[in-house]
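Remarks on the structure that follows.
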Amino acid sequence: MTIQFKIQIRGIKKPPVWRRIVIPGSFSFYDLHDTIQWAFGWWDEHLYQFQRQPYDHGWSVKDTEREDEDVLFFSPSYDSHTTNVADFIQKMGLRKFVYVYDFGDDWIHDITIEALNPDEKLEHPVCLDGKGACPPEDCGGVWGYEELKEEMSKEEISEFDIVGVNYKLASFSSETEDEIEGVENDDDDEVETMKPITMLEVLQDFSKGYLLDMASMLNLDLDPTVGVKKLRRLYAQAVIDAPSEVLRMMPEEDLFLLGYLVDNPDPSNALPYYNDYRSIALTYCGFAKEEVVGDGIINIYVAEDFLQAVKPHIKKVGKEQFMINKYMFENLILGLANFYGMVHLGIVIKNMIWYGGKEMDEKKAMEQLYVTYHFSVMLKRMSYQTHSCLLEPKQEDVYFASLYLYAQEEEMLEELKKQVPKELNYKEFTEDDIYDATRLPIPLISNPKNKEMRSLLSDELGYNEKEVDIICHELWYEEMNKMTNSDDFDPVEYFQMEVLFDLEEEDETYQKAMALLDEYLDNMPHWNLNGYSPKETKTKEISKTAYSSPPTPIIIGKKIRRNEPCPCGSGKKYKNCCGKGN
């Protein structure tokens, strides 16, 4: 196996300082540390550590022989000499992490994993490409180096001798395989031989009210008069006594994960899972416990007694025609909610008839929706009306909200309700569009500029297919949540800082990417525009229903910067008000 990284020193520009290296799969983190030192030109005179983010007090990998434990406290901490890089990044599900060198000058190296090639072999590390000279040791960090650069020539600042670097790396001597394998097993013993948890352990933090709500969602009949301790036992027993019935309540994704765990047993029933924006039903129903282990990665520990109870029924239930129908309609509603932010019952029924063909009419669609809803914890979680509301539904009053809503859920729901018209002429998306929007955790949102954007990201910027999915999803998520009046969401800033971070503004590719971004965002199906792009809402027919009330036009005499107060007088920043999408 080989692993390819791109490593860039954070904060240095004009030019940026980065290296693209490939290391053997047998390398420990100590070997990777040495490789970075040689590839950049550091002198290895200071302490170092690998982390998810600098100084976030999560896990760290460091040289425990050199470092005093009192210097910094991280938990858990792994020994760089004995922790294998390939095993660790796969176990943690890492896509990016950092290498911090010299805790005084704080040289932060952003490391992006570009490729893992299981069939390739290397005898020593290789530097494929790079840019910029390494800063001098003890120059005062990024700020000190920027001042020092004023006295340096352009050649000194840009100097990078890839031939000389590879000459050094060719003589690289790794630690022995025995040493690496020895500690690797120690790490595995520490992490993977954890005793499986039980449902009662998972339920310890669940309140009585929450347990009763979950029991109602799962159609379990529990005595509401008993104390919380007894209620936890009753809840766990009721779930274990009705494995098939409980599985029929689960979303498709949860059954897939349970099936994967059955086919790939783990001593602690752990499932690594990418989960930026939502929790799966297994966790909020109390069947599993989650623990954050990396950037967007959690471990899900499934309760042993729950797993043993449902194991014989997982594949059988998943193949039932009832479940196939349920998944179809469940995903239809999920996809519509992801497009619109919030959809009312009328839009759901309209699309169910459209999907169902000639045999599906309004009455049959309503019956199917009621059955699907009754056996779906996901739809119950997305619904913002009572269960009985579906018995006598009012099409404009029953809302299903996207699971990708911003954390300030109540504010977002109120904002979205203002944008939901009573008319039913929403923009229609194809069946494939809606299916793609259900992909979790990374929905693929229909956009006429998708092909162009994906081509730019893969062909010109070198991102792999999964990274392209993540970037496109992140742009959608940032754009959707811009309406929250929070500075945390800005798709343009995300694109500049996280996607184009190693390009100069004068670079032709940078300018091409930013121009495409404008078109991409303008064609994005916006939650607050009911699926229409800003350009589409300029037509009279659409503008009547795209907004609860048309936006007030503003005459701007000068260019308004994104972070300046909006000239409409709302008190919001321009980017969060009338400048949205611009």
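By convention in this document, the chains of the structure tokens carry letters A, B, ... by their order, each chain's residues are numbered from 1, and ligands are numbered from 1 in the order they are shown.
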
For A:Asp79: contacts at 9 Å, only C-alpha atoms, fewer than 4 positions along chain excluded, given as a ChimeraX atom specification: /A:29-30,60-65,83,183

What does the file look like for those residues with all heavy atoms, as a CSV table (one decimal), in the first residue's frame?
```csv
chain,number,residue,atom,x,y,z
A,29,PHE,N,3.7,7.0,12.2
A,29,PHE,CA,3.6,8.5,12.3
A,29,PHE,C,5.0,9.1,12.5
A,29,PHE,O,5.2,10.2,12.1
A,29,PHE,CB,2.6,9.0,13.3
A,29,PHE,CG,1.2,9.0,12.8
A,29,PHE,CD1,0.4,7.9,13.0
A,29,PHE,CD2,0.7,10.1,12.1
A,29,PHE,CE1,-0.9,8.0,12.5
A,29,PHE,CE2,-0.6,10.2,11.7
A,29,PHE,CZ,-1.4,9.1,11.9
A,30,TYR,N,5.9,8.4,13.2
A,30,TYR,CA,7.2,8.9,13.4
A,30,TYR,C,8.0,9.0,12.0
A,30,TYR,O,8.7,9.9,11.7
A,30,TYR,CB,8.0,8.0,14.3
A,30,TYR,CG,9.4,8.5,14.6
A,30,TYR,CD1,9.7,9.6,15.5
A,30,TYR,CD2,10.5,7.9,14.0
A,30,TYR,CE1,10.9,10.0,15.7
A,30,TYR,CE2,11.8,8.4,14.2
A,30,TYR,CZ,12.0,9.4,15.1
A,30,TYR,OH,13.3,9.9,15.3
A,60,SER,N,-4.4,12.9,19.8
A,60,SER,CA,-3.1,13.4,19.2
A,60,SER,C,-2.2,12.2,19.1
A,60,SER,O,-2.3,11.2,19.8
A,60,SER,CB,-2.4,14.4,20.1
A,60,SER,OG,-2.0,13.8,21.3
A,61,VAL,N,-1.3,12.3,18.1
A,61,VAL,CA,-0.2,11.3,17.9
A,61,VAL,C,1.1,12.0,18.0
A,61,VAL,O,1.3,13.0,17.3
A,61,VAL,CB,-0.3,10.6,16.5
A,61,VAL,CG1,0.7,9.5,16.3
A,61,VAL,CG2,-1.7,10.0,16.2
A,62,LYS,N,1.9,11.6,18.9
A,62,LYS,CA,3.2,12.4,19.2
A,62,LYS,C,4.3,11.5,19.7
A,62,LYS,O,4.1,10.3,19.9
A,62,LYS,CB,2.9,13.4,20.2
A,62,LYS,CG,2.3,12.9,21.6
A,62,LYS,CD,1.8,14.0,22.4
A,62,LYS,CE,1.1,13.5,23.7
A,62,LYS,NZ,0.5,14.6,24.5
A,63,ASP,N,5.5,12.0,19.8
A,63,ASP,CA,6.6,11.3,20.3
A,63,ASP,C,6.6,11.3,21.8
A,63,ASP,O,7.0,12.2,22.4
A,63,ASP,CB,7.9,11.9,19.8
A,63,ASP,CG,9.1,11.1,20.0
A,63,ASP,OD1,9.0,10.2,20.9
A,63,ASP,OD2,10.2,11.3,19.4
A,64,THR,N,6.0,10.2,22.4
A,64,THR,CA,5.9,10.2,23.8
A,64,THR,C,7.2,10.1,24.6
A,64,THR,O,7.3,10.3,25.8
A,64,THR,CB,4.9,9.1,24.3
A,64,THR,OG1,5.4,7.8,23.7
A,64,THR,CG2,3.5,9.3,23.7
A,65,GLU,N,8.3,9.6,23.8
A,65,GLU,CA,9.6,9.5,24.5
A,65,GLU,C,10.2,10.9,24.7
A,65,GLU,O,11.0,11.1,25.6
A,65,GLU,CB,10.5,8.7,23.6
A,65,GLU,CG,10.1,7.2,23.4
A,65,GLU,CD,11.0,6.5,22.5
A,65,GLU,OE1,12.0,7.0,22.1
A,65,GLU,OE2,10.7,5.3,22.1
A,83,THR,N,2.4,3.8,16.0
A,83,THR,CA,1.1,3.9,15.4
A,83,THR,C,1.2,4.0,13.9
A,83,THR,O,1.8,4.9,13.4
A,83,THR,CB,0.3,5.1,15.9
A,83,THR,OG1,0.2,5.1,17.3
A,83,THR,CG2,-1.1,5.2,15.3
A,183,VAL,N,3.2,-2.2,18.3
A,183,VAL,CA,2.3,-1.2,18.9
A,183,VAL,C,1.0,-1.1,18.2
A,183,VAL,O,0.0,-0.8,18.8
A,183,VAL,CB,3.0,0.1,18.9
A,183,VAL,CG1,2.2,1.1,19.6
A,183,VAL,CG2,4.4,0.0,19.4
```

Using only C-alpha atoms, find each residue of stretch 423-536 of chain A with at least one atom at most 12 Å away from an atom of stretch 90-110 of chain A; report its shortest atom-to-atom pair and that distance in Å (one decimal), sort the rows by chain and rising residue number, and return the result as a Markdown table.
```
| residue | atom | partner | partner_atom | distance |
| --- | --- | --- | --- | --- |
| A:Tyr463 | CA | A:Arg95 | CA | 11.8 |
| A:Asn464 | CA | A:Arg95 | CA | 11.4 |
| A:Lys466 | CA | A:Arg95 | CA | 10.1 |
| A:Glu467 | CA | A:Arg95 | CA | 8.8 |
| A:Ile470 | CA | A:Arg95 | CA | 10.8 |
| A:Glu498 | CA | A:Asp110 | CA | 10.8 |
| A:Phe501 | CA | A:Asp110 | CA | 10.6 |
| A:Asp502 | CA | A:Asp110 | CA | 11.1 |
```

Those same residues, written as an mmCIF file, in the first residue's frame with N, CA, C and O atoms?
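The result, written out as selection02.cif:
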```cif
data_model
loop_
_atom_site.group_PDB
_atom_site.id
_atom_site.type_symbol
_atom_site.label_atom_id
_atom_site.label_comp_id
_atom_site.auth_asym_id
_atom_site.auth_seq_id
_atom_site.Cartn_x
_atom_site.Cartn_y
_atom_site.Cartn_z
ATOM 1 N N TYR A 463 -9.219 17.009 -7.197
ATOM 2 C CA TYR A 463 -9.956 16.343 -6.128
ATOM 3 C C TYR A 463 -10.520 15.019 -6.637
ATOM 4 O O TYR A 463 -10.918 14.903 -7.792
ATOM 5 N N ASN A 464 -10.568 14.002 -5.732
ATOM 6 C CA ASN A 464 -11.135 12.725 -6.140
ATOM 7 C C ASN A 464 -12.662 12.784 -6.066
ATOM 8 O O ASN A 464 -13.246 13.769 -5.614
ATOM 9 N N LYS A 466 -15.032 11.338 -4.263
ATOM 10 C CA LYS A 466 -15.673 11.535 -2.959
ATOM 11 C C LYS A 466 -15.488 12.970 -2.479
ATOM 12 O O LYS A 466 -16.419 13.582 -1.944
ATOM 13 N N GLU A 467 -14.306 13.525 -2.676
ATOM 14 C CA GLU A 467 -14.056 14.907 -2.274
ATOM 15 C C GLU A 467 -14.923 15.866 -3.067
ATOM 16 O O GLU A 467 -15.414 16.871 -2.525
ATOM 17 N N ILE A 470 -18.335 15.869 -1.549
ATOM 18 C CA ILE A 470 -18.336 16.609 -0.281
ATOM 19 C C ILE A 470 -18.330 18.115 -0.533
ATOM 20 O O ILE A 470 -19.066 18.874 0.110
ATOM 21 N N GLU A 498 -11.246 26.741 1.695
ATOM 22 C CA GLU A 498 -11.112 25.295 1.822
ATOM 23 C C GLU A 498 -10.850 24.591 0.491
ATOM 24 O O GLU A 498 -10.284 23.503 0.472
ATOM 25 N N PHE A 501 -7.467 26.969 -1.564
ATOM 26 C CA PHE A 501 -6.548 27.513 -0.565
ATOM 27 C C PHE A 501 -5.109 27.645 -1.054
ATOM 28 O O PHE A 501 -4.344 28.445 -0.543
ATOM 29 N N ASP A 502 -4.711 26.850 -2.056
ATOM 30 C CA ASP A 502 -3.316 26.917 -2.486
ATOM 31 C C ASP A 502 -3.142 27.677 -3.807
ATOM 32 O O ASP A 502 -2.099 27.595 -4.439
#
```

Neighbour list for A:Val202 as a list in words, cut-off 10 Å, only C-alpha atoms, skip fewer than 5 positions in-chain: Ile197, Arg232, Ala236, Thr283, Cys285, Gly286, Phe287, Ala288, Lys289, Glu290, Tyr301, Val302 and Ala303 of chain A

Interatomic distance, atom CA of A:Met382 to atom CA of A:Ala401 (Å, one decimal):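 Separating atom CA of A:Met382 from atom CA of A:Ala401 is a distance of 5.2 Å.
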
Length of the atom CA of A:Met352 to atom CA of A:Arg381 vector [Å]: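 Spanning atom CA of A:Met352 to atom CA of A:Arg381 is a straight-line distance of 19.8 Å.
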
Between atom CA of A:Met480 and atom CA of A:Leu405 - distance in Å to one decimal: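 Taking atom CA of A:Leu405 and atom CA of A:Met480, their separation equals 8.6 Å.
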
Contacts of A:Arg248 at 7 Å (only C-alpha atoms; same-chain gap of 5+ positions) as a list in words: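 Close residues of A:Arg248: Val317, Met323 and Phe375 of chain A.
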
Output of the above residues as a PDB file, in the first residue's frame, restricted to N, CA, C and O atoms:
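Result file is part21.pdb:
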```pdb
ATOM      1  N   VAL A 317     -36.375  -8.768   6.866  1.00  0.00           N
ATOM      2  CA  VAL A 317     -37.239  -7.585   6.902  1.00  0.00           C
ATOM      3  C   VAL A 317     -36.911  -6.631   5.759  1.00  0.00           C
ATOM      4  O   VAL A 317     -37.794  -6.066   5.113  1.00  0.00           O
ATOM      5  N   MET A 323     -41.440  -3.023   2.991  1.00  0.00           N
ATOM      6  CA  MET A 323     -40.291  -2.159   3.272  1.00  0.00           C
ATOM      7  C   MET A 323     -39.800  -1.478   1.999  1.00  0.00           C
ATOM      8  O   MET A 323     -39.389  -0.308   2.017  1.00  0.00           O
ATOM      9  N   PHE A 375     -45.119   3.771  10.173  1.00  0.00           N
ATOM     10  CA  PHE A 375     -43.989   2.859  10.367  1.00  0.00           C
ATOM     11  C   PHE A 375     -42.648   3.550  10.078  1.00  0.00           C
ATOM     12  O   PHE A 375     -41.705   2.889   9.640  1.00  0.00           O
TER      13      PHE A 375
END
```

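Using only C-alpha atoms, the contacts of A:Val468 at a cut-off of 9 Å, with sequence neighbours closer than 6 positions omitted, comprise Met453, Arg454, Leu457 and Ser458 of chain A.
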
Selection: 8 Å around A:Lys449, only C-alpha atoms, excl. self and same-chain fewer than 3 positions, as JSON, numbers by chain: {"A": [452, 453, 519, 520, 523]}

Please dump the current selection as a CSV table (one decimal), in the first residue's frame; keep all heavy atoms.
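Output file part28.csv follows:
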```csv
chain,number,residue,atom,x,y,z
A,452,GLU,N,-20.2,21.0,-15.0
A,452,GLU,CA,-19.1,22.0,-15.1
A,452,GLU,C,-18.3,22.1,-13.8
A,452,GLU,O,-17.0,22.1,-13.8
A,452,GLU,CB,-19.6,23.3,-15.6
A,452,GLU,CG,-18.7,24.2,-16.4
A,452,GLU,CD,-19.3,25.4,-16.9
A,452,GLU,OE1,-20.5,25.4,-17.2
A,452,GLU,OE2,-18.6,26.4,-17.1
A,453,MET,N,-19.0,22.2,-12.7
A,453,MET,CA,-18.3,22.4,-11.4
A,453,MET,C,-17.5,21.1,-11.1
A,453,MET,O,-16.4,21.2,-10.6
A,453,MET,CB,-19.3,22.7,-10.3
A,453,MET,CG,-18.8,22.7,-8.9
A,453,MET,SD,-17.5,24.0,-8.7
A,453,MET,CE,-18.5,25.5,-8.5
A,519,GLU,N,-22.1,31.4,-11.0
A,519,GLU,CA,-23.1,30.7,-11.7
A,519,GLU,C,-23.7,29.5,-11.0
A,519,GLU,O,-24.9,29.3,-11.0
A,519,GLU,CB,-22.6,30.3,-13.1
A,519,GLU,CG,-22.1,31.4,-14.0
A,519,GLU,CD,-21.6,30.9,-15.3
A,519,GLU,OE1,-22.5,30.4,-16.1
A,519,GLU,OE2,-20.4,31.0,-15.6
A,520,TYR,N,-22.8,28.8,-10.3
A,520,TYR,CA,-23.2,27.6,-9.6
A,520,TYR,C,-24.2,27.9,-8.5
A,520,TYR,O,-25.3,27.3,-8.3
A,520,TYR,CB,-22.0,26.9,-9.1
A,520,TYR,CG,-22.3,25.5,-8.4
A,520,TYR,CD1,-22.6,24.4,-9.2
A,520,TYR,CD2,-22.2,25.4,-7.1
A,520,TYR,CE1,-22.8,23.2,-8.7
A,520,TYR,CE2,-22.5,24.1,-6.5
A,520,TYR,CZ,-22.8,23.0,-7.3
A,520,TYR,OH,-23.0,21.8,-6.7
A,523,ASN,N,-27.7,29.1,-9.7
A,523,ASN,CA,-28.5,28.1,-10.2
A,523,ASN,C,-28.9,27.0,-9.1
A,523,ASN,O,-29.5,26.0,-9.4
A,523,ASN,CB,-27.9,27.4,-11.4
A,523,ASN,CG,-28.0,28.1,-12.7
A,523,ASN,OD1,-29.0,28.1,-13.3
A,523,ASN,ND2,-26.9,28.9,-13.0
```

Minimum-distance residue to A:Ala281, chosen among A:Ala170, A:Met199, A:Leu517, A:Val246 (using only C-alpha atoms):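 Of A:Ala170, A:Met199, A:Leu517, A:Val246, the one nearest A:Ala281, counting only C-alpha atoms, is A:Val246.
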
Shell of 12 Å around A:Gly144, only C-alpha atoms, local chain residues under 3 positions omitted, as a list in words: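 Once the adjacent positions are removed, what remains is Gly11, Ile12, Gly104, Asp105, Asp106, Trp107, Pro135, Pro136, Glu137, Asp138, Cys139, Gly140, Gly141, Glu147, Leu148, Lys149, Glu150 and Glu151 of chain A.
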
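Considering the residues A:Ile157, A:Leu203, A:Ala238, A:Ile280 and counting only C-alpha atoms, A:Val377 has its shortest atom-to-atom contact with A:Ile280.
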
Best match for closeness to A:Asp518 among A:Asp221, A:Glu252, A:Glu479, A:Glu505, counting only C-alpha atoms: A:Glu479
